[in-house]
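Enquirer: Take a look at upload_19.cif, mmCIF, C-alpha atoms (C1' of nucleotides):
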```cif
data_coords
#
loop_
_atom_site.label_atom_id
_atom_site.label_comp_id
_atom_site.auth_asym_id
_atom_site.auth_seq_id
_atom_site.Cartn_x
_atom_site.Cartn_y
_atom_site.Cartn_z
CA MET Y 7 0.82 27.59 13.98
CA HIS Y 8 0.39 24.04 12.96
CA ASP Y 9 -1.85 25.38 10.33
CA ARG Y 10 0.66 24.44 7.76
CA ALA Y 11 1.06 20.99 9.14
CA LEU Y 12 -2.66 20.52 8.89
CA THR Y 13 -2.76 21.83 5.38
CA SER Y 14 0.03 19.48 4.50
CA LEU Y 15 -1.79 16.59 6.04
CA ILE Y 16 -4.92 17.25 4.09
CA ALA Y 17 -3.00 17.55 0.88
CA LEU Y 18 -1.12 14.42 1.77
CA ARG Y 19 -4.30 12.52 2.33
CA ARG Y 20 -5.65 13.63 -0.95
CA ILE Y 21 -2.47 12.50 -2.62
CA LEU Y 22 -2.56 9.16 -0.92
CA ARG Y 23 -6.14 8.48 -1.77
CA ALA Y 24 -5.67 9.61 -5.33
CA THR Y 25 -2.66 7.43 -5.91
CA GLU Y 26 -4.19 4.41 -4.30
CA SER Y 27 -7.41 4.55 -6.17
CA HIS Y 28 -5.67 5.28 -9.41
CA ALA Y 29 -3.20 2.48 -8.92
CA ARG Y 30 -6.04 0.07 -8.57
CA LEU Y 31 -7.56 1.12 -11.84
CA LEU Y 32 -4.25 0.89 -13.55
CA ALA Y 33 -3.48 -2.52 -12.21
CA ARG Y 34 -6.59 -3.76 -13.87
CA GLU Y 35 -5.71 -2.35 -17.23
CA THR Y 36 -2.10 -3.34 -17.42
CA GLY Y 37 -2.02 -6.45 -15.33
CA LEU Y 38 0.86 -4.93 -13.45
CA SER Y 39 0.41 -3.78 -9.93
CA THR Y 40 1.96 -0.56 -8.83
CA PRO Y 41 4.76 -2.13 -6.82
CA GLN Y 42 5.60 -4.37 -9.72
CA LEU Y 43 5.63 -1.46 -12.06
CA ILE Y 44 7.86 0.43 -9.72
CA VAL Y 45 10.27 -2.42 -9.56
CA LEU Y 46 10.36 -2.56 -13.32
CA GLN Y 47 11.07 1.12 -13.49
CA ILE Y 48 13.76 0.92 -10.90
CA VAL Y 49 15.44 -1.87 -12.79
CA ARG Y 50 15.20 -0.05 -16.03
CA HIS Y 51 16.47 3.11 -14.50
CA ALA Y 52 19.41 1.37 -12.94
CA GLY Y 53 20.11 -0.85 -15.90
CA GLU Y 54 20.80 -3.62 -13.49
CA ALA Y 55 19.97 -3.69 -9.85
CA THR Y 56 20.51 -6.00 -6.97
CA ALA Y 57 17.62 -7.14 -4.88
CA LYS Y 58 18.76 -4.90 -2.12
CA THR Y 59 18.79 -1.87 -4.34
CA VAL Y 60 15.35 -2.68 -5.58
CA ALA Y 61 14.10 -3.17 -2.07
CA SER Y 62 15.53 0.02 -0.70
CA GLN Y 63 14.51 2.11 -3.66
CA ALA Y 64 11.04 0.69 -3.76
CA GLY Y 65 10.83 1.21 -0.04
CA VAL Y 66 10.03 -2.37 0.87
CA GLY Y 67 11.82 -5.12 2.70
CA GLN Y 68 14.00 -7.61 0.96
CA ALA Y 69 11.49 -10.36 1.36
CA THR Y 70 8.87 -8.32 -0.37
CA ALA Y 71 11.28 -7.36 -3.09
CA THR Y 72 12.07 -10.99 -3.66
CA ALA Y 73 8.39 -11.75 -3.98
CA LEU Y 74 7.91 -8.95 -6.45
CA VAL Y 75 10.88 -9.99 -8.52
CA ASP Y 76 9.61 -13.55 -8.39
CA LYS Y 77 6.38 -12.49 -9.95
CA LEU Y 78 8.06 -10.39 -12.55
CA GLU Y 79 10.48 -13.14 -13.36
CA SER Y 80 7.78 -15.73 -13.67
CA ARG Y 81 6.07 -13.49 -16.16
CA GLY Y 82 9.25 -13.05 -18.07
CA PHE Y 83 9.64 -9.36 -17.40
CA VAL Y 84 12.96 -9.52 -15.62
CA ARG Y 85 15.77 -12.01 -15.34
CA ARG Y 86 18.06 -12.84 -12.51
CA GLN Y 87 21.75 -13.26 -13.02
CA ARG Y 88 24.13 -14.19 -10.31
CA GLY Y 89 27.00 -11.79 -9.93
CA ASP Y 90 30.40 -12.91 -11.09
CA SER Y 91 32.64 -11.16 -8.67
CA ASP Y 92 30.31 -11.39 -5.74
CA ARG Y 93 28.20 -14.42 -6.07
CA ARG Y 94 25.91 -13.44 -3.26
CA GLN Y 95 24.50 -10.69 -5.33
CA ILE Y 96 21.84 -11.25 -7.89
CA TRP Y 97 21.57 -8.76 -10.69
CA ILE Y 98 18.13 -8.13 -11.93
CA SER Y 99 17.69 -6.83 -15.43
CA LEU Y 100 14.83 -6.24 -17.80
CA THR Y 101 14.05 -8.70 -20.52
CA ASP Y 102 12.80 -7.48 -23.86
CA THR Y 103 9.35 -8.51 -22.78
CA GLY Y 104 9.71 -6.48 -19.63
CA ARG Y 105 10.96 -3.52 -21.53
CA ALA Y 106 8.04 -3.74 -23.90
CA ALA Y 107 5.60 -4.07 -21.02
CA LEU Y 108 7.16 -1.08 -19.40
CA GLU Y 109 6.88 0.92 -22.58
CA ALA Y 110 3.27 -0.07 -22.94
CA ALA Y 111 2.35 0.49 -19.34
CA PRO Y 112 1.36 3.99 -18.44
CA ASP Y 113 2.73 5.67 -15.41
CA PRO Y 114 1.65 4.28 -12.10
CA LEU Y 115 0.19 7.63 -11.34
CA HIS Y 116 -1.85 9.77 -13.54
CA GLU Y 117 -0.56 10.22 -16.97
CA ASN Y 118 -1.62 13.71 -16.23
CA PHE Y 119 0.77 13.93 -13.38
CA THR Y 120 3.79 13.11 -15.44
CA ALA Y 121 2.61 15.15 -18.36
CA ARG Y 122 1.93 18.16 -16.23
CA PHE Y 123 4.98 17.62 -14.17
CA GLU Y 124 7.15 17.72 -17.23
CA GLN Y 125 5.59 20.95 -18.26
CA LEU Y 126 6.48 22.65 -15.05
CA PRO Y 127 9.41 24.97 -15.09
CA ASP Y 128 12.64 23.42 -14.13
CA TRP Y 129 12.90 25.01 -10.75
CA GLU Y 130 9.49 23.79 -9.82
CA GLN Y 131 10.23 20.25 -10.84
CA ALA Y 132 13.27 20.40 -8.69
CA MET Y 133 11.26 21.80 -5.85
CA LEU Y 134 8.69 19.08 -6.06
CA VAL Y 135 11.28 16.35 -6.19
CA ALA Y 136 13.06 17.79 -3.22
CA ALA Y 137 9.83 18.23 -1.33
CA LEU Y 138 8.65 14.71 -1.99
CA GLU Y 139 11.91 13.23 -0.89
CA ARG Y 140 11.88 15.43 2.12
CA ILE Y 141 8.44 14.30 3.05
CA ALA Y 142 9.35 10.71 2.48
CA ALA Y 143 12.22 11.23 4.83
CA LEU Y 144 10.00 12.93 7.38
CA LEU Y 145 7.57 10.09 7.31
CA GLY Y 146 10.01 7.31 6.96
CA ALA Y 147 13.17 7.83 8.84
CA ALA Y 148 12.45 7.35 12.48
CA GLY Y 149 16.04 7.66 13.49
CA LEU Y 150 16.88 10.43 11.13
CA ASP Y 151 19.53 12.62 12.56
CA ALA Y 152 17.98 16.00 12.76
CA SER Y 153 19.91 17.56 9.98
CA PRO Y 154 17.33 20.08 9.04
CA VAL Y 155 19.30 21.32 6.11
CA LEU Y 156 18.19 20.24 2.75
CA HIS Y 157 21.31 20.38 0.73
CA VAL Y 158 20.02 22.47 -2.07
CA GLY Y 159 22.92 21.42 -4.17
CA ALA Y 160 21.49 17.95 -4.24
CA ILE Y 161 18.36 19.09 -5.93
CA ASP Y 162 19.97 18.94 -9.29
CA HIS Y 163 21.11 15.44 -8.57
CA PRO Y 164 18.08 13.47 -7.59
CA GLY Y 165 20.31 10.46 -7.43
CA ASP Y 166 21.18 11.39 -3.96
CA HIS Y 167 21.04 7.88 -2.76
CA PRO Y 168 23.47 5.29 -3.98
CA GLY Y 169 22.57 3.15 -6.87
CA ASP Y 170 20.01 5.53 -8.17
CA HIS Y 171 21.52 5.90 -11.57
CA PRO Y 172 23.35 3.33 -13.58
CA GLY Y 173 26.92 4.35 -13.26
CA ASP Y 174 26.58 4.98 -9.62
CA HIS Y 175 28.08 1.80 -8.31
CA PRO Y 176 31.32 1.43 -10.11
CA GLY Y 177 33.20 0.07 -7.17
CA ASP Y 178 30.27 -1.97 -6.14
CA HIS Y 179 30.73 -4.50 -8.85
CA PRO Y 180 33.69 -4.38 -11.13
CA GLY Y 181 31.49 -4.47 -14.14
CA ASP Y 182 32.18 -8.07 -14.83
CA HIS Y 183 28.76 -9.23 -13.98
CA PRO Y 184 27.10 -11.04 -16.81
CA GLY Y 185 24.42 -8.63 -17.85
CA ALA Y 186 26.90 -6.12 -19.13
CA GLY Y 187 27.92 -8.32 -21.93
CA MET L 4 13.22 9.28 -19.69
CA HIS L 5 11.60 11.66 -17.23
CA ASP L 6 14.20 11.47 -14.62
CA ARG L 7 12.53 13.74 -12.19
CA ALA L 8 9.12 12.35 -12.80
CA LEU L 9 10.48 8.95 -11.97
CA THR L 10 12.17 10.24 -8.89
CA SER L 11 8.92 11.84 -7.86
CA LEU L 12 7.06 8.63 -8.38
CA ILE L 13 9.51 6.71 -6.30
CA ALA L 14 9.41 9.29 -3.59
CA LEU L 15 5.67 9.24 -3.73
CA ARG L 16 5.72 5.54 -3.42
CA ARG L 17 7.98 5.78 -0.44
CA ILE L 18 5.58 8.20 1.10
CA LEU L 19 2.79 5.74 0.58
CA ARG L 20 4.80 2.95 2.06
CA ALA L 21 5.91 5.05 4.98
CA THR L 22 2.35 5.98 5.67
CA GLU L 23 1.28 2.40 5.59
CA SER L 24 4.15 1.49 7.77
CA HIS L 25 3.21 4.08 10.35
CA ALA L 26 -0.34 2.96 10.13
CA ARG L 27 0.82 -0.54 10.86
CA LEU L 28 2.73 0.55 13.91
CA LEU L 29 -0.28 2.44 15.02
CA ALA L 30 -2.45 -0.53 14.36
CA ARG L 31 -0.42 -2.47 16.84
CA GLU L 32 -0.89 0.14 19.49
CA THR L 33 -4.52 0.86 18.97
CA GLY L 34 -5.56 -2.40 17.41
CA LEU L 35 -7.06 -0.49 14.53
CA SER L 36 -5.78 -0.61 11.01
CA THR L 37 -6.16 2.37 8.75
CA PRO L 38 -9.05 0.96 6.74
CA GLN L 39 -10.77 0.01 9.93
CA LEU L 40 -10.22 3.47 11.25
CA ILE L 41 -11.66 4.87 8.08
CA VAL L 42 -14.72 2.73 8.42
CA LEU L 43 -15.16 3.86 11.98
CA GLN L 44 -14.89 7.45 10.91
CA ILE L 45 -17.38 6.97 8.15
CA VAL L 46 -19.82 5.39 10.52
CA ARG L 47 -19.39 8.10 13.03
CA HIS L 48 -19.79 10.73 10.41
CA ALA L 49 -22.95 9.19 9.08
CA GLY L 50 -24.35 8.26 12.45
CA GLU L 51 -25.53 5.04 10.95
CA ALA L 52 -24.49 3.64 7.64
CA THR L 53 -25.37 0.68 5.54
CA ALA L 54 -22.67 -1.63 4.30
CA LYS L 55 -23.09 -0.19 0.87
CA THR L 56 -22.56 3.32 2.07
CA VAL L 57 -19.49 2.31 3.97
CA ALA L 58 -18.12 0.51 0.96
CA SER L 59 -18.66 3.36 -1.43
CA GLN L 60 -17.37 6.00 0.94
CA ALA L 61 -14.34 4.00 1.87
CA GLY L 62 -13.77 3.33 -1.78
CA VAL L 63 -13.78 -0.44 -1.47
CA GLY L 64 -16.05 -3.21 -2.62
CA GLN L 65 -18.87 -4.53 -0.55
CA ALA L 66 -17.07 -7.73 0.21
CA THR L 67 -14.17 -5.83 1.63
CA ALA L 68 -16.47 -3.60 3.60
CA THR L 69 -18.15 -6.64 5.07
CA ALA L 70 -14.80 -8.02 6.11
CA LEU L 71 -13.83 -4.74 7.73
CA VAL L 72 -17.11 -4.45 9.54
CA ASP L 73 -16.72 -8.04 10.63
CA LYS L 74 -13.47 -7.20 12.28
CA LEU L 75 -14.83 -4.11 13.90
CA GLU L 76 -17.91 -5.92 15.09
CA SER L 77 -15.94 -8.77 16.54
CA ARG L 78 -13.99 -6.25 18.52
CA GLY L 79 -17.12 -4.59 19.70
CA PHE L 80 -16.49 -1.29 17.98
CA VAL L 81 -19.58 -1.31 15.84
CA ARG L 82 -22.86 -3.11 15.90
CA ARG L 83 -25.05 -4.34 13.12
CA GLN L 84 -28.75 -3.76 13.20
CA ARG L 85 -31.03 -5.08 10.59
CA GLY L 86 -33.24 -2.42 9.09
CA ASP L 87 -36.86 -2.40 10.09
CA SER L 88 -38.46 -1.15 6.96
CA ASP L 89 -36.03 -2.80 4.61
CA ARG L 90 -34.66 -5.86 6.18
CA ARG L 91 -32.03 -6.34 3.53
CA GLN L 92 -30.17 -3.39 4.82
CA ILE L 93 -27.91 -3.59 7.77
CA TRP L 94 -27.30 -0.45 9.68
CA ILE L 95 -23.90 -0.16 11.18
CA SER L 96 -23.43 2.08 14.14
CA LEU L 97 -20.74 2.82 16.64
CA THR L 98 -20.81 1.28 20.04
CA ASP L 99 -19.58 3.21 23.01
CA THR L 100 -16.44 1.18 22.84
CA GLY L 101 -15.99 2.11 19.22
CA ARG L 102 -16.59 5.73 19.92
CA ALA L 103 -14.05 5.67 22.68
CA ALA L 104 -11.54 3.89 20.47
CA LEU L 105 -12.12 6.46 17.79
CA GLU L 106 -11.56 9.26 20.21
CA ALA L 107 -8.43 7.66 21.52
CA ALA L 108 -6.97 6.71 18.17
CA PRO L 109 -4.64 9.32 16.89
CA ASP L 110 -4.51 10.24 13.30
CA PRO L 111 -2.31 7.76 11.51
CA LEU L 112 -0.41 10.49 9.81
CA HIS L 113 -0.71 13.15 12.34
CA GLU L 114 1.71 12.04 14.96
CA ASN L 115 5.02 11.75 13.25
CA PHE L 116 4.51 14.05 10.43
CA THR L 117 3.24 17.00 12.37
CA ALA L 118 5.89 16.77 15.00
CA ARG L 119 8.70 16.73 12.55
CA PHE L 120 7.11 19.13 10.18
CA GLU L 121 6.95 21.78 12.81
CA GLN L 122 10.60 21.47 13.51
CA LEU L 123 11.46 22.44 10.01
CA PRO L 124 12.54 25.96 9.25
CA ASP L 125 9.82 28.22 8.10
CA TRP L 126 10.89 28.42 4.51
CA GLU L 127 10.89 24.70 4.22
CA GLN L 128 7.46 24.35 5.69
CA ALA L 129 6.23 26.79 3.15
CA MET L 130 7.95 24.93 0.41
CA LEU L 131 6.46 21.62 1.45
CA VAL L 132 2.99 23.01 1.72
CA ALA L 133 3.25 24.53 -1.69
CA ALA L 134 4.68 21.37 -3.14
CA LEU L 135 2.07 19.12 -1.61
CA GLU L 136 -0.77 21.23 -2.77
CA ARG L 137 0.79 21.42 -6.15
CA ILE L 138 1.08 17.68 -6.34
CA ALA L 139 -2.40 17.12 -5.05
CA ALA L 140 -3.60 19.42 -7.75
CA LEU L 141 -1.63 17.59 -10.36
CA LEU L 142 -3.06 14.31 -9.22
CA GLY L 143 -6.53 15.47 -8.48
CA ALA L 144 -7.16 17.47 -11.53
CA ALA L 145 -7.99 14.37 -13.49
CA GLY L 146 -11.41 14.30 -11.98
CA LEU L 147 -10.64 12.35 -8.89
CA ASP L 148 -13.09 13.41 -6.33
CA ALA L 149 -11.72 14.20 -2.98
CA SER L 150 -12.63 11.12 -1.09
CA PRO L 151 -15.08 11.58 1.74
CA VAL L 152 -12.54 9.80 3.82
CA LEU L 153 -10.53 12.90 3.49
CA HIS L 154 -12.60 15.13 5.62
CA VAL L 155 -13.84 12.35 7.75
CA GLY L 156 -10.23 11.65 8.36
CA ALA L 157 -9.58 15.13 9.53
CA ILE L 158 -11.57 14.45 12.61
CA ASP L 159 -9.05 16.02 14.85
CA HIS L 160 -9.85 19.49 13.70
CA PRO L 161 -13.20 19.42 12.06
CA GLY L 162 -13.52 23.14 11.74
CA ASP L 163 -9.97 23.94 10.99
CA HIS L 164 -9.33 22.89 7.48
CA PRO L 165 -10.02 25.09 4.55
CA GLY L 166 -11.50 24.01 1.30
CA ASP L 167 -12.44 20.64 2.62
CA HIS L 168 -15.73 21.05 4.31
CA PRO L 169 -18.16 18.24 4.81
CA GLY L 170 -21.45 18.43 3.12
CA ASP L 171 -19.84 17.88 -0.21
CA HIS L 172 -21.61 14.59 -0.54
CA PRO L 173 -24.99 14.83 1.00
CA GLY L 174 -27.87 12.54 0.40
CA ASP L 175 -25.95 9.37 0.69
CA HIS L 176 -27.58 8.28 3.85
CA PRO L 177 -31.29 8.84 4.01
CA GLY L 178 -31.77 9.49 7.65
CA ASP L 179 -35.27 8.11 7.65
CA HIS L 180 -34.06 4.72 8.57
CA PRO L 181 -35.51 3.16 11.65
CA GLY L 182 -32.30 3.07 13.57
CA ALA L 183 -33.99 4.39 16.65
CA GLY L 184 -36.44 1.61 16.72
"C1'" DC P 14 -46.92 -17.10 -5.74
"C1'" DA P 15 -43.29 -16.22 -9.36
"C1'" DT P 16 -39.91 -13.24 -11.06
"C1'" DG P 17 -36.39 -10.04 -10.90
"C1'" DA P 18 -33.77 -6.66 -8.42
"C1'" DT P 19 -31.36 -5.27 -4.22
"C1'" DT P 20 -28.51 -5.88 -0.19
"C1'" DC P 21 -25.36 -8.15 2.27
"C1'" DT P 22 -22.51 -12.27 3.31
"C1'" DT P 23 -19.58 -16.16 2.23
"C1'" DC P 24 -16.00 -18.25 -0.32
"C1'" DG P 25 -11.92 -18.64 -2.88
"C1'" DT P 26 -8.13 -16.26 -4.51
"C1'" DC P 27 -4.63 -12.76 -5.31
"C1'" DT P 28 -1.30 -9.39 -3.88
"C1'" DT P 29 1.43 -6.91 -0.78
"C1'" DA P 30 4.08 -6.90 3.33
"C1'" DC P 31 6.72 -8.26 7.23
"C1'" DG P 32 9.80 -10.91 10.47
"C1'" DA P 33 12.36 -14.86 11.34
"C1'" DA P 34 14.95 -18.52 9.90
"C1'" DC P 35 17.83 -20.37 6.41
"C1'" DT P 36 21.43 -20.89 2.64
"C1'" DA P 37 25.18 -19.20 0.20
"C1'" DT P 38 28.85 -16.31 -0.08
"C1'" DC P 39 32.44 -12.94 1.15
"C1'" DT P 40 35.83 -11.06 4.54
"C1'" DG P 41 38.88 -11.00 8.32
"C1'" DG P 42 41.53 -13.33 11.91
"C1'" DC P 43 44.35 -17.21 13.17
"C1'" DG Z 20 43.13 -23.89 5.25
"C1'" DC Z 21 39.53 -22.94 8.47
"C1'" DC Z 22 36.36 -20.75 11.63
"C1'" DA Z 23 33.52 -16.61 12.94
"C1'" DG Z 24 31.03 -12.81 11.58
"C1'" DA Z 25 28.87 -10.03 8.18
"C1'" DT Z 26 26.22 -9.63 4.03
"C1'" DA Z 27 22.82 -11.00 0.11
"C1'" DG Z 28 19.08 -13.24 -1.11
"C1'" DT Z 29 15.49 -16.69 -0.51
"C1'" DT Z 30 11.98 -19.38 1.85
"C1'" DC Z 31 8.39 -19.87 5.15
"C1'" DG Z 32 4.66 -18.55 7.94
"C1'" DT Z 33 1.49 -15.05 8.76
"C1'" DA Z 34 -1.60 -11.13 8.26
"C1'" DA Z 35 -4.26 -7.74 6.00
"C1'" DG Z 36 -6.82 -5.76 2.28
"C1'" DA Z 37 -9.12 -6.34 -1.89
"C1'" DC Z 38 -11.83 -8.34 -5.46
"C1'" DG Z 39 -15.28 -11.23 -8.14
"C1'" DA Z 40 -18.55 -14.78 -8.12
"C1'" DA Z 41 -21.91 -17.18 -5.98
"C1'" DG Z 42 -25.35 -17.55 -2.50
"C1'" DA Z 43 -29.07 -16.15 0.90
"C1'" DA Z 44 -32.42 -13.05 2.35
"C1'" DT Z 45 -35.49 -9.57 1.30
"C1'" DC Z 46 -38.19 -6.27 -1.34
"C1'" DA Z 47 -41.09 -4.79 -5.26
"C1'" DT Z 48 -43.94 -6.02 -8.86
"C1'" DG Z 49 -47.04 -8.59 -11.71
#
```
Here is a file; write its structure as structure tokens.

Expert:
Amino acid sequence: MHDRALTSLIALRRILRATESHARLLARETGLSTPQLIVLQIVRHAGEATAKTVASQAGVGQATATALVDKLESRGFVRRQRGDSDRRQIWISLTDTGRAALEAAPDPLHENFTARFEQLPDWEQAMLVAALERIAALLGAAGLDASPVLHVGAIDHPGDHPGDHPGDHPGDHPGDHPGAG
Amino acid sequence: MHDRALTSLIALRRILRATESHARLLARETGLSTPQLIVLQIVRHAGEATAKTVASQAGVGQATATALVDKLESRGFVRRQRGDSDRRQIWISLTDTGRAALEAAPDPLHENFTARFEQLPDWEQAMLVAALERIAALLGAAGLDASPVLHVGAIDHPGDHPGDHPGDHPGDHPGDHPGAG
DNA sequence: CATGATTCTTCGTCTTACGAACTATCTGGC
DNA sequence: GCCAGATAGTTCGTAAGACGAAGAATCATG
């Protein structure tokens, strides 16, 4: 009965251990820790991102996100630019250095993972993405309203959550923030 | 770039963070952090273990292992006994308190995940299991050995899990040590 | 005993991570 | 205009895990 749960747990453990141990190796090679790398990728993916976006997408608190961005900024990988329309917001964008570092840095997980992942048939990629997000939700959202339905339609749009892809926050900032120009 | 791969990575990261977060909550209740729990499990599994064994099985350096054992010792969960034949070695064993704590401590993942997992519709459970195993395979295929922590971690159901039987890594702890003396 | 290897500990440091408090800013009500 | 509340981000204090380097104790060997 909870055979599947157990199987999932074991697989999950293996995944966790694998990612952790691999991340450590990688951090040594690239000088970038996994969270830092993730922040870089989020920023690149979003084009520009606020600290809040970075925090929520990276799955950490704002304070932690600030610390991460601090480090990245001090190394010249990202820059901060205060928003024009809403001056509370700070838009984080990649510098050329950061972009280069990101290009040079391998994936935070196995290169094999990405390589193999990309070779999977489309439906399976979609399945894995959906499953991972589902699991993240299962583990993460304590107060998740028990909507057991995975909207299958959203599978094709992994940018389920706001701010995931660049053009996703058009009303968020009128586009007059500095980085765009 | 690899949109889905990135999404997977982020989701994976969120899973990691969620797990850590749960572990932290649990740590407050039980007073045991995940690494500490792992050390306890390793020690229990081995009966007695040297610091080196603990370090290598937990996948951390000796210094870290010492720190963890320090914490556990200060809480009375383990004891250190200098080896008789080789007095450089320190044999770490569970105290009754530690054994009790280990019995009482729930699996850091088990609680939330299992409960929610089992509320999912059947097809989704199946999907998640398949996805997790797929991902574990993708990650693990690069020669990452399944950490001993894995099956030590599955203490709740030692005989239940398939394909993850102990005895995969024998010979690490001699057994001729003078612990009884 | 001297030398070198080993085992573990200590020390200093780095990184992540959080909550709480704080500043700055925006928004709404008056 | 101005105050109150909400929001965004930072700073501060704290804690844990993790590592490398250096040190102490011990063993094995010559």

Enquirer: Need to verify the contact set: range 24-33 of chain Z, 9 Å, all atoms listed in the file, exclusion of same-chain residues closer than 3 positions in sequence. Can you return it as a short mmCIF file (atom, residue, chain, number, x, y, z; two decimals) with C-alpha atoms (C1' of nucleotides), keeping the file's coordinate frame?

Expert:
```
data_model
loop_
_atom_site.label_atom_id
_atom_site.label_comp_id
_atom_site.auth_asym_id
_atom_site.auth_seq_id
_atom_site.Cartn_x
_atom_site.Cartn_y
_atom_site.Cartn_z
CA THR Y 56 20.51 -6.00 -6.97
CA ALA Y 57 17.62 -7.14 -4.88
CA LYS Y 58 18.76 -4.90 -2.12
CA GLN Y 68 14.00 -7.61 0.96
CA ALA Y 69 11.49 -10.36 1.36
CA THR Y 72 12.07 -10.99 -3.66
CA ARG Y 93 28.20 -14.42 -6.07
CA ARG Y 94 25.91 -13.44 -3.26
CA GLN Y 95 24.50 -10.69 -5.33
CA ILE Y 96 21.84 -11.25 -7.89
"C1'" DC P 31 6.72 -8.26 7.23
"C1'" DA P 33 12.36 -14.86 11.34
"C1'" DA P 34 14.95 -18.52 9.90
"C1'" DC P 35 17.83 -20.37 6.41
"C1'" DT P 36 21.43 -20.89 2.64
"C1'" DA P 37 25.18 -19.20 0.20
"C1'" DT P 38 28.85 -16.31 -0.08
"C1'" DC P 39 32.44 -12.94 1.15
"C1'" DT P 40 35.83 -11.06 4.54
"C1'" DG P 41 38.88 -11.00 8.32
#
```

Enquirer: Hey, what's within 12 Å of range 15-27 of chain P if we count only C-alpha atoms (C1' of nucleotides) and toss same-chain stuff fewer than 2 positions away? As a PyMOL selection string, please?

Expert: (chain Y and resi 39+77) or (chain L and resi 53-56+58+64-70+72-73+83+85-86+89-94) or (chain P and resi 29) or (chain Z and resi 36-49)

Enquirer: Could you state which residues are captured by the PyMOL selection byres ((chain Y and resi 98-110) around 7) in this file, as a list in words?

Expert: Val49, Arg50, Gly53, Glu54, Ala55, Thr56, Gly82, Phe83, Val84, Arg85, Arg86, Gln87, Ile96, Trp97, Ala111 and Pro112 of chain Y

Enquirer: Write out, as a JSON list (two decimals), keeping the file's coordinate frame, the residues just selected, with C-alpha atoms.

Expert:
```json
[["chain", "number", "residue", "atom", "x", "y", "z"],
["Y", 49, "VAL", "CA", 15.44, -1.87, -12.79],
["Y", 50, "ARG", "CA", 15.20, -0.05, -16.03],
["Y", 53, "GLY", "CA", 20.11, -0.85, -15.90],
["Y", 54, "GLU", "CA", 20.80, -3.62, -13.49],
["Y", 55, "ALA", "CA", 19.97, -3.69, -9.85],
["Y", 56, "THR", "CA", 20.51, -6.00, -6.97],
["Y", 82, "GLY", "CA", 9.25, -13.05, -18.07],
["Y", 83, "PHE", "CA", 9.64, -9.36, -17.40],
["Y", 84, "VAL", "CA", 12.96, -9.52, -15.62],
["Y", 85, "ARG", "CA", 15.77, -12.01, -15.34],
["Y", 86, "ARG", "CA", 18.06, -12.84, -12.51],
["Y", 87, "GLN", "CA", 21.75, -13.26, -13.02],
["Y", 96, "ILE", "CA", 21.84, -11.25, -7.89],
["Y", 97, "TRP", "CA", 21.57, -8.76, -10.69],
["Y", 111, "ALA", "CA", 2.35, 0.49, -19.34],
["Y", 112, "PRO", "CA", 1.36, 3.99, -18.44]]
```

Enquirer: What does the structure give for the distance between CA of Ser11 in chain L and CA of Ala64 in chain Y, in Å to one decimal?

Expert: 12.1 Å

Enquirer: Given all atoms listed in the file as the basis, pick out the residue of Y:Val60, Y:Asp128, Y:Thr120, Y:Glu79 nearest to chain L.

Expert: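 Closest to chain L, using all atoms listed in the file: Y:Thr120.
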
Enquirer: Counting only C-alpha atoms, figure out which residue out of L:Ala133, L:Ile18, L:Leu35, L:Ala140 gets nearest to chain Y.

Expert: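 Of the candidates, the smallest distance to chain Y is held by L:Ile18.
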